[in-house]
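Asker: Structure file data_19.cif, mmCIF, C-alpha atoms, is pasted below:
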data_query
#
loop_
_atom_site.label_atom_id
_atom_site.label_comp_id
_atom_site.auth_asym_id
_atom_site.auth_seq_id
_atom_site.Cartn_x
_atom_site.Cartn_y
_atom_site.Cartn_z
CA MET A 1237 -76.97 -63.42 3.90
CA SER A 1238 -76.44 -60.23 1.88
CA LEU A 1239 -73.67 -59.83 -0.74
CA LYS A 1240 -71.91 -57.38 1.58
CA GLU A 1241 -71.92 -59.92 4.40
CA ILE A 1242 -70.60 -62.63 2.06
CA ILE A 1243 -67.73 -60.42 0.93
CA ARG A 1244 -66.84 -59.60 4.53
CA ASN A 1245 -66.99 -63.23 5.67
CA LYS A 1246 -63.57 -64.39 6.84
CA TRP A 1247 -63.87 -67.78 5.16
CA VAL A 1248 -64.77 -66.20 1.84
CA LYS A 1249 -61.77 -63.88 2.12
CA PHE A 1250 -59.51 -66.77 3.00
CA CYS A 1251 -60.71 -68.91 0.08
CA PHE A 1252 -60.31 -66.03 -2.39
CA TRP A 1253 -56.74 -65.13 -1.39
CA ALA A 1254 -55.74 -68.79 -0.92
CA LEU A 1255 -56.90 -69.57 -4.47
CA LEU A 1256 -54.92 -66.66 -5.92
CA TYR A 1257 -51.89 -67.70 -3.89
CA VAL A 1258 -52.08 -71.35 -5.04
CA LEU A 1259 -52.34 -70.23 -8.68
CA TRP A 1260 -49.25 -68.05 -8.17
CA VAL A 1261 -47.32 -70.98 -6.62
CA ILE A 1262 -48.27 -73.23 -9.56
CA TRP A 1263 -47.01 -70.53 -11.94
CA LEU A 1264 -43.85 -70.13 -9.89
CA GLY A 1265 -43.29 -73.89 -9.94
CA ASN A 1266 -41.80 -74.07 -6.44
CA TYR A 1267 -44.26 -75.90 -4.21
CA TRP A 1268 -42.38 -75.16 -1.01
CA TRP A 1269 -44.17 -71.81 -1.21
CA LEU A 1270 -47.45 -73.62 -0.43
CA LEU A 1271 -46.36 -73.35 3.19
CA GLY A 1272 -47.40 -69.72 2.85
CA LEU A 1273 -51.02 -70.91 3.06
CA ILE A 1274 -50.41 -71.23 6.80
CA ILE A 1275 -49.80 -67.48 6.99
CA ILE A 1276 -52.88 -66.72 4.88
CA PHE A 1277 -54.98 -69.00 7.11
CA ASP A 1278 -53.73 -67.20 10.21
CA LEU A 1279 -54.28 -63.77 8.66
CA PHE A 1280 -57.96 -64.40 8.00
CA ILE A 1281 -59.04 -67.20 10.35
CA THR A 1282 -56.97 -67.83 13.50
CA LYS A 1283 -55.25 -64.43 13.82
CA LYS A 1284 -52.70 -65.75 16.33
CA VAL A 1285 -49.69 -63.88 14.94
CA LYS A 1286 -49.49 -60.15 14.41
CA TRP A 1287 -47.75 -60.24 11.02
CA ALA A 1288 -47.95 -56.48 10.59
CA PHE A 1289 -46.12 -55.96 13.88
CA TRP A 1290 -45.57 -52.25 13.20
CA LYS A 1291 -49.30 -51.51 13.14
CA LYS A 1292 -51.04 -50.31 16.26
CA ASP A 1293 -54.51 -51.46 17.29
CA TYR A 1294 -56.37 -48.28 18.18
CA LYS A 1295 -59.14 -48.11 20.74
CA GLU A 1296 -62.34 -46.36 19.78
CA GLY A 1297 -61.77 -42.62 19.76
CA GLU A 1298 -57.98 -42.93 20.19
CA LYS A 1299 -55.90 -40.54 18.10
CA HIS A 1300 -53.96 -42.19 15.29
CA ASN A 1301 -50.18 -42.07 15.15
CA VAL A 1302 -49.46 -40.42 11.80
CA TRP A 1303 -45.93 -41.84 11.58
CA LEU A 1304 -47.11 -45.41 12.11
CA ASP A 1305 -49.85 -44.94 9.53
CA TRP A 1306 -47.29 -43.64 7.01
CA LEU A 1307 -44.96 -46.53 7.83
CA ASP A 1308 -47.78 -48.98 7.17
CA ALA A 1309 -48.57 -47.33 3.82
CA ILE A 1310 -44.90 -47.30 2.77
CA ILE A 1311 -44.34 -50.97 3.67
CA PHE A 1312 -47.50 -51.94 1.79
CA ALA A 1313 -46.38 -49.93 -1.28
CA VAL A 1314 -42.88 -51.44 -1.23
CA VAL A 1315 -44.23 -54.99 -1.07
CA VAL A 1316 -46.85 -54.49 -3.79
CA VAL A 1317 -44.65 -52.52 -6.21
CA THR A 1318 -41.74 -54.96 -5.76
CA PHE A 1319 -44.07 -57.88 -6.51
CA ILE A 1320 -45.39 -56.11 -9.62
CA ASN A 1321 -41.86 -55.22 -10.79
CA ILE A 1322 -40.67 -58.80 -10.48
CA PHE A 1323 -43.58 -60.61 -12.08
CA PHE A 1324 -45.63 -58.18 -14.18
CA PHE A 1325 -44.33 -54.75 -15.22
CA GLN A 1326 -41.22 -52.65 -14.72
CA ALA A 1327 -40.58 -48.99 -15.51
CA PHE A 1328 -37.86 -48.21 -18.05
CA LYS A 1329 -36.55 -44.99 -19.62
CA ILE A 1330 -35.08 -44.79 -23.13
CA PRO A 1331 -31.55 -43.45 -22.45
CA SER A 1332 -30.27 -42.90 -26.01
CA SER A 1333 -31.37 -42.25 -29.58
CA SER A 1334 -30.58 -45.74 -30.88
CA MET A 1335 -34.29 -46.49 -31.50
CA GLU A 1336 -35.39 -43.19 -33.04
CA SER A 1337 -37.68 -42.63 -34.89
CA SER A 1338 -39.56 -45.52 -33.20
CA LEU A 1339 -38.81 -44.98 -29.52
CA TYR A 1340 -37.49 -41.58 -28.51
CA THR A 1341 -34.84 -40.52 -26.04
CA GLY A 1342 -36.82 -39.54 -22.96
CA ASP A 1343 -39.66 -42.04 -23.47
CA HIS A 1344 -40.71 -43.54 -20.14
CA LEU A 1345 -42.07 -47.05 -20.66
CA PHE A 1346 -43.74 -49.84 -18.80
CA VAL A 1347 -42.07 -53.11 -19.80
CA SER A 1348 -44.30 -56.17 -19.78
CA LYS A 1349 -42.58 -59.17 -18.23
CA LEU A 1350 -45.61 -61.33 -18.95
CA SER A 1351 -44.99 -61.11 -22.70
CA TYR A 1352 -42.08 -63.57 -22.58
CA GLY A 1353 -42.42 -64.74 -18.98
CA PRO A 1354 -40.75 -63.11 -15.96
CA ARG A 1355 -37.38 -64.30 -14.72
CA VAL A 1356 -37.23 -65.56 -11.15
CA PRO A 1357 -34.76 -63.17 -9.44
CA GLU A 1358 -31.23 -64.54 -9.56
CA THR A 1359 -29.99 -61.82 -7.18
CA PRO A 1360 -32.93 -61.33 -4.79
CA LEU A 1361 -31.14 -59.19 -2.18
CA THR A 1362 -31.74 -55.78 -3.77
CA ILE A 1363 -32.77 -52.39 -2.40
CA PRO A 1364 -36.43 -51.87 -3.40
CA PHE A 1365 -37.13 -49.69 -6.47
CA THR A 1366 -33.53 -49.94 -7.71
CA HIS A 1367 -31.96 -52.05 -10.44
CA ASN A 1368 -28.21 -52.05 -9.83
CA VAL A 1369 -27.15 -48.67 -8.41
CA ALA A 1370 -28.29 -46.46 -5.52
CA PHE A 1371 -26.49 -43.33 -4.35
CA GLY A 1372 -23.53 -44.18 -6.58
CA LYS A 1373 -23.06 -47.65 -5.08
CA GLU A 1374 -24.19 -51.13 -6.08
CA SER A 1375 -27.71 -51.59 -4.71
CA TYR A 1376 -27.66 -55.37 -4.41
CA SER A 1377 -25.81 -58.17 -2.63
CA THR A 1378 -24.61 -61.40 -4.26
CA LEU A 1379 -24.80 -63.28 -0.95
CA ILE A 1380 -27.70 -65.27 -2.45
CA GLN A 1381 -27.50 -66.30 -6.11
CA ASN A 1382 -30.20 -68.41 -7.76
CA ASP A 1383 -29.98 -70.32 -11.04
CA TYR A 1384 -31.67 -68.82 -14.07
CA ARG A 1385 -35.34 -69.77 -14.46
CA ARG A 1386 -38.11 -68.18 -16.48
CA LEU A 1387 -41.82 -68.56 -15.74
CA LYS A 1388 -44.40 -69.12 -18.46
CA GLY A 1389 -45.43 -66.02 -20.38
CA PHE A 1390 -47.97 -65.14 -23.04
CA GLY A 1391 -45.54 -65.83 -25.88
CA HIS A 1392 -41.98 -65.82 -27.15
CA VAL A 1393 -39.71 -63.25 -28.74
CA GLU A 1394 -40.76 -62.72 -32.35
CA ARG A 1395 -38.81 -61.22 -35.20
CA GLY A 1396 -39.54 -57.49 -35.28
CA ASP A 1397 -40.38 -57.18 -31.56
CA TYR A 1398 -39.03 -54.36 -29.42
CA VAL A 1399 -37.18 -56.17 -26.63
CA VAL A 1400 -35.69 -54.98 -23.34
CA PHE A 1401 -32.69 -57.07 -22.28
CA GLY A 1402 -29.58 -57.02 -20.12
CA PHE A 1403 -26.58 -55.56 -21.98
CA PRO A 1404 -24.48 -58.66 -22.83
CA HIS A 1405 -21.16 -56.88 -22.18
CA GLY A 1406 -22.50 -55.42 -18.94
CA ASP A 1407 -20.99 -58.10 -16.72
CA THR A 1408 -17.88 -55.93 -16.30
CA VAL A 1409 -18.35 -52.21 -15.65
CA LEU A 1410 -15.75 -49.44 -15.46
CA THR A 1411 -16.44 -47.43 -12.32
CA LYS A 1412 -15.23 -44.13 -13.83
CA ALA A 1413 -17.14 -44.65 -17.09
CA PRO A 1414 -20.08 -47.02 -16.40
CA ALA A 1415 -21.75 -46.22 -19.73
CA GLU A 1416 -18.70 -47.33 -21.73
CA ASP A 1417 -18.21 -50.86 -23.07
CA TYR A 1418 -15.36 -52.39 -21.06
CA TYR A 1419 -14.57 -55.02 -23.70
CA THR A 1420 -14.35 -52.45 -26.51
CA TRP A 1421 -11.90 -50.42 -24.46
CA VAL A 1422 -9.80 -53.53 -23.77
CA ARG A 1423 -9.69 -54.51 -27.45
CA THR A 1424 -8.71 -51.03 -28.62
CA SER A 1425 -6.56 -49.78 -25.73
CA GLY A 1426 -5.45 -52.82 -23.76
CA ARG A 1427 -6.64 -54.08 -20.40
CA ASP A 1428 -3.97 -52.48 -18.21
CA TYR A 1429 -4.46 -49.02 -19.75
CA THR A 1430 -8.26 -49.31 -19.56
CA ILE A 1431 -8.32 -50.24 -15.88
CA SER A 1432 -5.65 -47.72 -14.90
CA ARG A 1433 -7.57 -44.91 -16.56
CA LEU A 1434 -11.23 -45.87 -16.05
CA GLY A 1435 -11.14 -48.60 -13.39
CA PRO A 1436 -11.43 -50.32 -11.09
CA VAL A 1437 -14.06 -52.65 -12.51
CA ILE A 1438 -17.30 -53.99 -11.06
CA VAL A 1439 -18.50 -57.48 -11.94
CA ARG A 1440 -22.29 -57.80 -12.17
CA PRO A 1441 -24.51 -60.91 -12.29
CA THR A 1442 -26.73 -61.48 -15.32
CA ASP A 1443 -29.92 -59.96 -13.87
CA LYS A 1444 -28.09 -56.82 -12.70
CA LYS A 1445 -26.68 -55.77 -16.06
CA ASP A 1446 -27.87 -52.44 -17.45
CA HIS A 1447 -31.02 -52.67 -19.56
CA TYR A 1448 -31.04 -51.93 -23.30
CA VAL A 1449 -33.93 -51.82 -25.75
CA LYS A 1450 -33.57 -52.78 -29.42
CA ARG A 1451 -35.56 -54.48 -32.14
CA CYS A 1452 -35.10 -58.24 -32.53
CA VAL A 1453 -34.11 -58.77 -36.15
CA ALA A 1454 -33.02 -62.43 -36.05
CA LEU A 1455 -34.22 -65.43 -34.06
CA PRO A 1456 -32.40 -68.62 -33.02
CA GLY A 1457 -31.57 -70.62 -36.13
CA ASP A 1458 -31.84 -67.64 -38.52
CA THR A 1459 -29.06 -66.70 -40.90
CA LEU A 1460 -28.74 -62.91 -40.91
CA THR A 1461 -27.21 -60.67 -43.54
CA VAL A 1462 -27.12 -56.88 -43.65
CA LYS A 1463 -26.85 -55.27 -47.12
CA ASP A 1464 -27.01 -51.52 -47.71
CA GLY A 1465 -28.05 -51.20 -44.07
CA MET A 1466 -31.14 -53.41 -44.60
CA VAL A 1467 -31.70 -56.78 -42.89
CA TYR A 1468 -32.09 -60.08 -44.75
CA ILE A 1469 -33.03 -63.37 -43.06
CA ASP A 1470 -32.21 -66.56 -44.94
CA GLY A 1471 -31.78 -64.42 -48.05
CA VAL A 1472 -35.18 -62.67 -47.78
CA GLN A 1473 -35.30 -58.92 -47.10
CA GLN A 1474 -37.22 -58.14 -43.93
CA GLU A 1475 -39.91 -55.54 -43.44
CA VAL A 1476 -38.61 -51.97 -43.34
CA TYR A 1477 -40.51 -50.70 -40.31
CA PRO A 1478 -41.64 -47.04 -40.39
CA GLY A 1479 -39.19 -46.02 -37.66
CA ILE A 1480 -36.05 -47.47 -39.29
CA GLN A 1481 -33.65 -44.75 -40.40
CA LEU A 1482 -30.19 -44.34 -41.89
CA THR A 1483 -28.07 -41.21 -42.06
CA TYR A 1484 -27.66 -39.33 -45.33
CA ARG A 1485 -25.30 -36.68 -46.63
CA VAL A 1486 -27.68 -33.89 -47.60
CA THR A 1487 -26.18 -31.22 -49.87
CA THR A 1488 -28.00 -27.91 -50.14
CA ASP A 1489 -27.62 -24.83 -52.33
CA GLY A 1490 -25.83 -23.09 -49.46
CA HIS A 1491 -28.85 -22.43 -47.26
CA LYS A 1492 -29.90 -24.32 -44.14
CA ILE A 1493 -33.16 -26.20 -44.10
CA ASN A 1494 -35.84 -24.12 -42.36
CA SER A 1495 -36.01 -24.92 -38.62
CA LYS A 1496 -39.79 -25.38 -38.82
CA ILE A 1497 -39.29 -28.07 -41.43
CA ILE A 1498 -36.73 -29.72 -39.15
CA ASP A 1499 -39.32 -29.70 -36.34
CA ASN A 1500 -42.07 -31.07 -38.58
CA LEU A 1501 -39.78 -33.92 -39.62
CA SER A 1502 -39.27 -34.73 -35.90
CA LEU A 1503 -35.51 -34.81 -36.43
CA ASN A 1504 -33.30 -35.19 -33.38
CA VAL A 1505 -31.51 -31.83 -33.35
CA GLY A 1506 -28.92 -33.31 -30.99
CA GLU A 1507 -27.64 -35.47 -33.87
CA LEU A 1508 -28.01 -32.86 -36.61
CA TYR A 1509 -25.56 -30.16 -37.63
CA TYR A 1510 -24.94 -28.02 -40.69
CA ASP A 1511 -21.49 -27.93 -42.29
CA SER A 1512 -20.96 -24.92 -44.52
CA ARG A 1513 -18.02 -26.66 -46.24
CA ILE A 1514 -20.33 -29.18 -47.95
CA PRO A 1515 -22.60 -27.10 -47.88
CA GLY A 1516 -25.19 -29.17 -46.08
CA TYR A 1517 -25.70 -31.84 -43.46
CA PRO A 1518 -23.09 -34.63 -43.32
CA ALA A 1519 -25.25 -37.06 -41.33
CA MET A 1520 -29.00 -36.44 -41.36
CA PRO A 1521 -30.96 -39.38 -39.89
CA LEU A 1522 -34.01 -40.10 -42.06
CA THR A 1523 -36.70 -42.73 -42.36
CA ALA A 1524 -37.96 -43.68 -45.83
CA GLU A 1525 -40.87 -41.25 -45.48
CA MET A 1526 -38.66 -38.41 -44.24
CA LEU A 1527 -36.17 -39.09 -47.05
CA GLU A 1528 -38.78 -38.37 -49.74
CA LYS A 1529 -39.79 -35.13 -48.02
CA VAL A 1530 -36.18 -33.93 -47.80
CA LYS A 1531 -35.51 -34.79 -51.42
CA SER A 1532 -38.46 -32.62 -52.46
CA LEU A 1533 -37.16 -29.48 -50.69
CA SER A 1534 -36.27 -26.70 -53.12
CA ASN A 1535 -32.88 -25.95 -51.53
CA VAL A 1536 -31.73 -29.61 -51.41
CA VAL A 1537 -29.33 -30.46 -54.24
CA GLU A 1538 -28.35 -34.08 -53.45
CA VAL A 1539 -29.09 -36.80 -50.88
CA VAL A 1540 -26.65 -39.73 -50.56
CA PRO A 1541 -26.82 -42.55 -47.97
CA ASN A 1542 -23.81 -42.86 -45.65
CA LEU A 1543 -23.18 -46.55 -46.32
CA ASP A 1544 -20.00 -47.95 -44.85
CA VAL A 1545 -18.20 -50.41 -47.13
CA TRP A 1546 -15.00 -52.36 -46.55
CA PRO A 1547 -12.35 -51.13 -45.89
CA SER A 1548 -14.36 -49.21 -43.34
CA THR A 1549 -13.95 -45.47 -42.89
CA MET A 1550 -16.24 -45.50 -39.83
CA ASP A 1551 -15.29 -48.41 -37.57
CA SER A 1552 -12.17 -50.44 -36.95
CA TYR A 1553 -12.60 -54.21 -37.29
CA LEU A 1554 -11.98 -54.23 -33.53
CA MET A 1555 -15.39 -52.56 -33.16
CA ILE A 1556 -17.45 -54.88 -35.38
CA PHE A 1557 -18.41 -58.35 -34.12
CA PRO A 1558 -16.67 -60.83 -34.13
CA PHE A 1559 -13.67 -58.44 -34.07
CA THR A 1560 -11.57 -60.23 -36.67
CA GLU A 1561 -10.19 -58.55 -39.78
CA ASN A 1562 -10.86 -61.45 -42.14
CA THR A 1563 -14.67 -61.05 -42.11
CA HIS A 1564 -14.57 -57.65 -43.89
CA TRP A 1565 -17.89 -56.82 -42.20
CA THR A 1566 -19.13 -53.28 -41.56
CA ARG A 1567 -22.24 -51.84 -39.91
CA ASP A 1568 -24.02 -51.71 -43.33
CA PHE A 1569 -22.62 -54.88 -44.90
CA PHE A 1570 -22.64 -57.59 -42.25
CA GLY A 1571 -22.81 -61.38 -42.38
CA PRO A 1572 -24.00 -63.90 -43.32
CA LEU A 1573 -24.16 -64.90 -39.66
CA TRP A 1574 -26.01 -67.89 -38.22
CA VAL A 1575 -27.74 -67.20 -34.87
CA PRO A 1576 -27.24 -70.05 -32.35
CA GLU A 1577 -30.23 -72.03 -31.09
CA LYS A 1578 -30.60 -74.35 -28.13
CA GLY A 1579 -29.57 -77.93 -28.87
CA ALA A 1580 -27.81 -77.11 -32.15
CA THR A 1581 -24.22 -78.29 -32.62
CA VAL A 1582 -21.55 -76.39 -34.55
CA ALA A 1583 -17.97 -77.16 -35.52
CA ILE A 1584 -15.42 -75.29 -33.42
CA ASN A 1585 -12.13 -74.27 -35.01
CA GLU A 1586 -9.86 -71.24 -35.22
CA ASP A 1587 -12.15 -69.62 -37.81
CA SER A 1588 -15.48 -70.15 -36.00
CA LEU A 1589 -14.27 -69.72 -32.41
CA PRO A 1590 -14.40 -65.86 -32.46
CA LEU A 1591 -18.16 -66.12 -33.13
CA TYR A 1592 -18.88 -68.39 -30.20
CA GLU A 1593 -16.11 -68.02 -27.61
CA ARG A 1594 -18.04 -65.57 -25.43
CA ILE A 1595 -21.09 -67.85 -25.55
CA ILE A 1596 -19.04 -70.88 -24.52
CA ARG A 1597 -17.03 -69.15 -21.80
CA ASP A 1598 -19.25 -66.42 -20.34
CA TYR A 1599 -22.89 -67.10 -21.20
CA GLU A 1600 -22.79 -70.88 -20.77
CA HIS A 1601 -20.02 -70.92 -18.12
CA ASN A 1602 -17.45 -73.33 -19.54
CA ASP A 1603 -13.69 -73.29 -19.12
CA LEU A 1604 -12.32 -72.44 -22.58
CA ALA A 1605 -8.66 -72.58 -23.60
CA VAL A 1606 -6.68 -72.62 -26.84
CA SER A 1607 -3.28 -74.31 -26.87
CA GLY A 1608 -1.09 -75.52 -29.70
CA GLY A 1609 -3.79 -74.80 -32.26
CA LYS A 1610 -6.27 -77.00 -30.34
CA ILE A 1611 -9.40 -75.93 -28.49
CA PHE A 1612 -10.16 -77.28 -25.02
CA ILE A 1613 -13.56 -76.99 -23.30
CA ASN A 1614 -13.61 -77.95 -19.62
CA GLY A 1615 -10.18 -79.55 -20.05
CA GLU A 1616 -11.13 -81.77 -22.98
CA GLU A 1617 -10.20 -81.22 -26.61
CA ALA A 1618 -13.27 -80.11 -28.57
CA GLU A 1619 -14.06 -79.97 -32.27
CA GLU A 1620 -17.75 -79.11 -31.85
CA TYR A 1621 -20.06 -77.45 -29.36
CA THR A 1622 -23.77 -77.84 -28.52
CA PHE A 1623 -25.58 -74.70 -27.34
CA LYS A 1624 -27.45 -74.76 -24.03
CA GLN A 1625 -29.81 -71.87 -24.73
CA ASP A 1626 -31.25 -69.72 -27.53
CA TYR A 1627 -29.69 -66.50 -28.79
CA TYR A 1628 -31.01 -63.42 -30.58
CA PHE A 1629 -29.64 -60.65 -32.78
CA MET A 1630 -30.77 -57.13 -31.88
CA MET A 1631 -30.47 -53.87 -33.84
CA GLY A 1632 -31.54 -50.31 -33.18
CA ASP A 1633 -33.92 -48.65 -35.62
CA ASN A 1634 -31.54 -45.68 -35.79
CA ARG A 1635 -29.17 -47.91 -37.73
CA HIS A 1636 -26.25 -45.48 -37.96
CA ASN A 1637 -26.34 -44.44 -34.33
CA SER A 1638 -26.91 -47.66 -32.45
CA LEU A 1639 -24.46 -49.83 -30.53
CA ASP A 1640 -26.18 -53.15 -31.02
CA SER A 1641 -25.47 -56.78 -31.90
CA ARG A 1642 -23.29 -55.67 -34.81
CA TYR A 1643 -20.91 -54.31 -32.16
CA TRP A 1644 -21.17 -56.86 -29.35
CA GLY A 1645 -22.76 -60.01 -30.73
CA PHE A 1646 -25.61 -62.23 -29.61
CA VAL A 1647 -28.15 -61.67 -26.82
CA PRO A 1648 -28.65 -64.82 -24.69
CA GLU A 1649 -32.18 -65.93 -23.85
CA ASP A 1650 -31.51 -65.56 -20.11
CA HIS A 1651 -30.80 -61.84 -20.67
CA ILE A 1652 -34.31 -61.11 -22.01
CA VAL A 1653 -36.29 -58.89 -19.62
CA GLY A 1654 -39.54 -58.13 -21.41
CA LYS A 1655 -41.40 -56.22 -24.08
CA PRO A 1656 -42.20 -52.47 -23.98
CA SER A 1657 -45.97 -52.13 -23.70
CA VAL A 1658 -46.94 -48.50 -23.12
CA ILE A 1659 -45.29 -45.06 -23.03
CA TRP A 1660 -46.62 -43.27 -19.96
CA LEU A 1661 -44.48 -40.13 -20.33
CA SER A 1662 -42.13 -38.68 -22.94
CA THR A 1663 -39.86 -35.66 -22.51
CA ASP A 1664 -37.49 -33.89 -24.90
CA ARG A 1665 -34.20 -32.95 -23.21
CA ASP A 1666 -33.49 -30.32 -25.87
CA ARG A 1667 -36.53 -28.25 -24.86
CA LYS A 1668 -37.61 -26.44 -21.70
CA PHE A 1669 -40.69 -27.22 -19.63
CA PRO A 1670 -43.55 -27.38 -20.56
CA ASN A 1671 -42.61 -27.57 -24.26
CA ASN A 1672 -40.39 -30.55 -23.49
CA ILE A 1673 -43.38 -32.81 -22.90
CA ARG A 1674 -44.40 -34.81 -25.98
CA TRP A 1675 -48.13 -34.90 -25.32
CA LYS A 1676 -48.87 -36.99 -28.42
CA ARG A 1677 -46.87 -39.87 -26.93
CA PHE A 1678 -48.67 -39.78 -23.56
CA LEU A 1679 -50.16 -43.24 -22.79
CA LYS A 1680 -49.19 -44.49 -26.26
CA PHE A 1681 -49.18 -48.27 -26.71
CA VAL A 1682 -45.98 -49.62 -28.28
#
Once you've parsed the file, please lay out its structure as structure tokens.

Answerer:
Amino acid sequence: MSLKEIIRNKWVKFCFWALLYVLWVIWLGNYWWLLGLIIIFDLFITKKVKWAFWKKDYKEGEKHNVWLDWLDAIIFAVVVVTFINIFFFQAFKIPSSSMESSLYTGDHLFVSKLSYGPRVPETPLTIPFTHNVAFGKESYSTLIQNDYRRLKGFGHVERGDYVVFGFPHGDTVLTKAPAEDYYTWVRTSGRDYTISRLGPVIVRPTDKKDHYVKRCVALPGDTLTVKDGMVYIDGVQQEVYPGIQLTYRVTTDGHKINSKIIDNLSLNVGELYYDSRIPGYPAMPLTAEMLEKVKSLSNVVEVVPNLDVWPSTMDSYLMIFPFTENTHWTRDFFGPLWVPEKGATVAINEDSLPLYERIIRDYEHNDLAVSGGKIFINGEEAEEYTFKQDYYFMMGDNRHNSLDSRYWGFVPEDHIVGKPSVIWLSTDRDRKFPNNIRWKRFLKFV
């Protein structure tokens, strides 16, 4: 028997696809799916059921129905791409400049779900190729809701990783301003005013929250501190990655910096403006390398970092986690803050509760109440709490233009989606085609 005949043999085909299917079921960990072997057996051996009922069996010489052929191709593509999106890779676009100069606004990425293990869909009834919205409406149904479960991956989140995750505050969305943080609006303007102006609200399950991408700067069990905009873990300063940038007040001799120099520095012109009253640039975002180049320019007189110290001139305490005035934390001087880890127990009191109340109530689904100076969890008085899952602290590399964990707190483990793996396209919204395509970032591994 030739190799070609072996490959075409129905029993060989069955054994090959049955083996792959069994391996997938073992990975999935739900052995009820082994019943699917019956379908595979029928597809290749018995052929009693026409599973692809839409396909037509053509007689020799009969003209093909183009519409049926297209339908077959579309159904096949939907099934395959959906399977890949759930278990292997998912497309993602960088929506903002919070990660510049590491990941750019307009970068189109493939996110690897194998890096940390894919989540089994909690909300499986979803329109294919959509995440949470289609044609201005929610693209999913909560008729079926599964418990959170993550399959085995190649590794775990490491300090310094780029991570794609569900926005923790994205469980409640304002219909008239879906990009705004509902909880920030409520803290600063009140719930009634917020809903009357920007509501009504939509409540989304965990796996249907909008996706964000940031750098993981602290792992479960770490104690994080931010000083002068730089991150310290357990008192040790962390690596300053090449893409990390702060904004600086750049004073010139009255002349603007040459536009070609601006281009060569790869500055985001959407965040840059010249103020003749300084004269100079009040908030120029610069990495360490870019900072030295700007300092060396002949028309630059002074460069000063825009560090925000308490009392803050940039953000109200209602903007900075945990939203209490007594911390005196700012975006550049933050912590020390311990990051919760699974199985750890902490004391719960009026001082520590602001740090963990959202974890207890929303992420770990307990009934939380405070009455008469006492804290009650699920109806019982509590003086301590044991965490059910791990948490992470995320920050954008564009430290002065990033709404990250400093503004909304911890990222739960069940919110982790995956790790950016490759940039397959990058476009600059401030330029016209074809100059808007960043060719140097085409097929760039992250």

Asker: Can you pull out the residues contacting range 1533-1549 of chain A? Cut-off 12 Å, using all atoms listed in the file, and skip same-chain residues under 3 positions away; I want them as a PyMOL selection string.

Answerer: chain A and resi 1462-1466+1481-1494+1497-1498+1514-1524+1526-1530+1552-1556+1561-1570+1635-1637

Asker: Can you give me, as a list in words, the residues this file yields under the PyMOL selection byres ((chain A and resi 1331-1333) around 8)?

Answerer: Lys1329, Ile1330, Ser1334, Met1335, Glu1336, Leu1339, Tyr1340, Thr1341, Gly1342, Asn1634, Asn1637 and Ser1638 of chain A

Asker: Could you name the residues that touch Leu1379 in chain A at 12 Å or less, counting all atoms listed in the file, but leaving out those on the same chain fewer than 4 positions away, as an NGL selection string?

Answerer: :A and (1358-1362 or 1441)

Asker: Rounded to one decimal place, report the CA of Pro1364 in chain A-CA of Lys1249 in chain A distance in Å.

Answerer: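 The value is 28.6 Å.
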
Asker: Figure out the distance between CA of Val1315 in chain A and CA of Tyr1294 in chain A, please, to one decimal in Å.

Answerer: 23.7 Å

Asker: Apply the PyMOL selection byres ((chain A and resi 1421-1434) around 12) to the file shown and report the selected residues as a VMD selection string.

Answerer: chain A and resid 1405 1408 to 1420 1435 to 1438 1551 to 1560 1644

Asker: As a check of understanding, name the residues that the PyMOL selection byres ((chain A and resi 1382) around 9) selects in the supplied structure, as a PDB file with C-alpha atoms, keeping the file's coordinate frame.

Answerer:
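expr18.pdb, freshly written:
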ATOM      1  CA  VAL A1356     -37.230 -65.560 -11.150  1.00  0.00           C
ATOM      2  CA  PRO A1357     -34.760 -63.170  -9.440  1.00  0.00           C
ATOM      3  CA  GLU A1358     -31.230 -64.540  -9.560  1.00  0.00           C
ATOM      4  CA  THR A1359     -29.990 -61.820  -7.180  1.00  0.00           C
ATOM      5  CA  PRO A1360     -32.930 -61.330  -4.790  1.00  0.00           C
ATOM      6  CA  ILE A1380     -27.700 -65.270  -2.450  1.00  0.00           C
ATOM      7  CA  GLN A1381     -27.500 -66.300  -6.110  1.00  0.00           C
ATOM      8  CA  ASP A1383     -29.980 -70.320 -11.040  1.00  0.00           C
ATOM      9  CA  TYR A1384     -31.670 -68.820 -14.070  1.00  0.00           C
ATOM     10  CA  ARG A1385     -35.340 -69.770 -14.460  1.00  0.00           C
TER      11      ARG A1385
END

Asker: Excluding Leu1387 in chain A and its own-chain neighbours fewer than 4 positions away, which residues fall within 10 Å of it when counting all atoms listed in the file? Please give them as number ranges by chain.

Answerer: A: 1263-1265, 1323, 1349-1350, 1352-1356

Asker: Using only C-alpha atoms, which of the listed residues (A:Lys1578, A:Lys1246, A:Lys1299, A:His1447) sits closest to Thr1282 in chain A?

Answerer: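 Closest candidate: A:Lys1246.
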
Asker: What lies within 12 Å of Val1606 in chain A using only C-alpha atoms, ignoring chain neighbours under 2 positions off, as a list in words?

Answerer: Ile1584, Asn1585, Glu1586, Leu1589, Pro1590, Glu1593, Asp1603, Leu1604, Gly1608, Gly1609, Lys1610, Ile1611, Phe1612, Ile1613, Asn1614, Gly1615, Glu1616, Glu1617, Ala1618 and Glu1619 of chain A
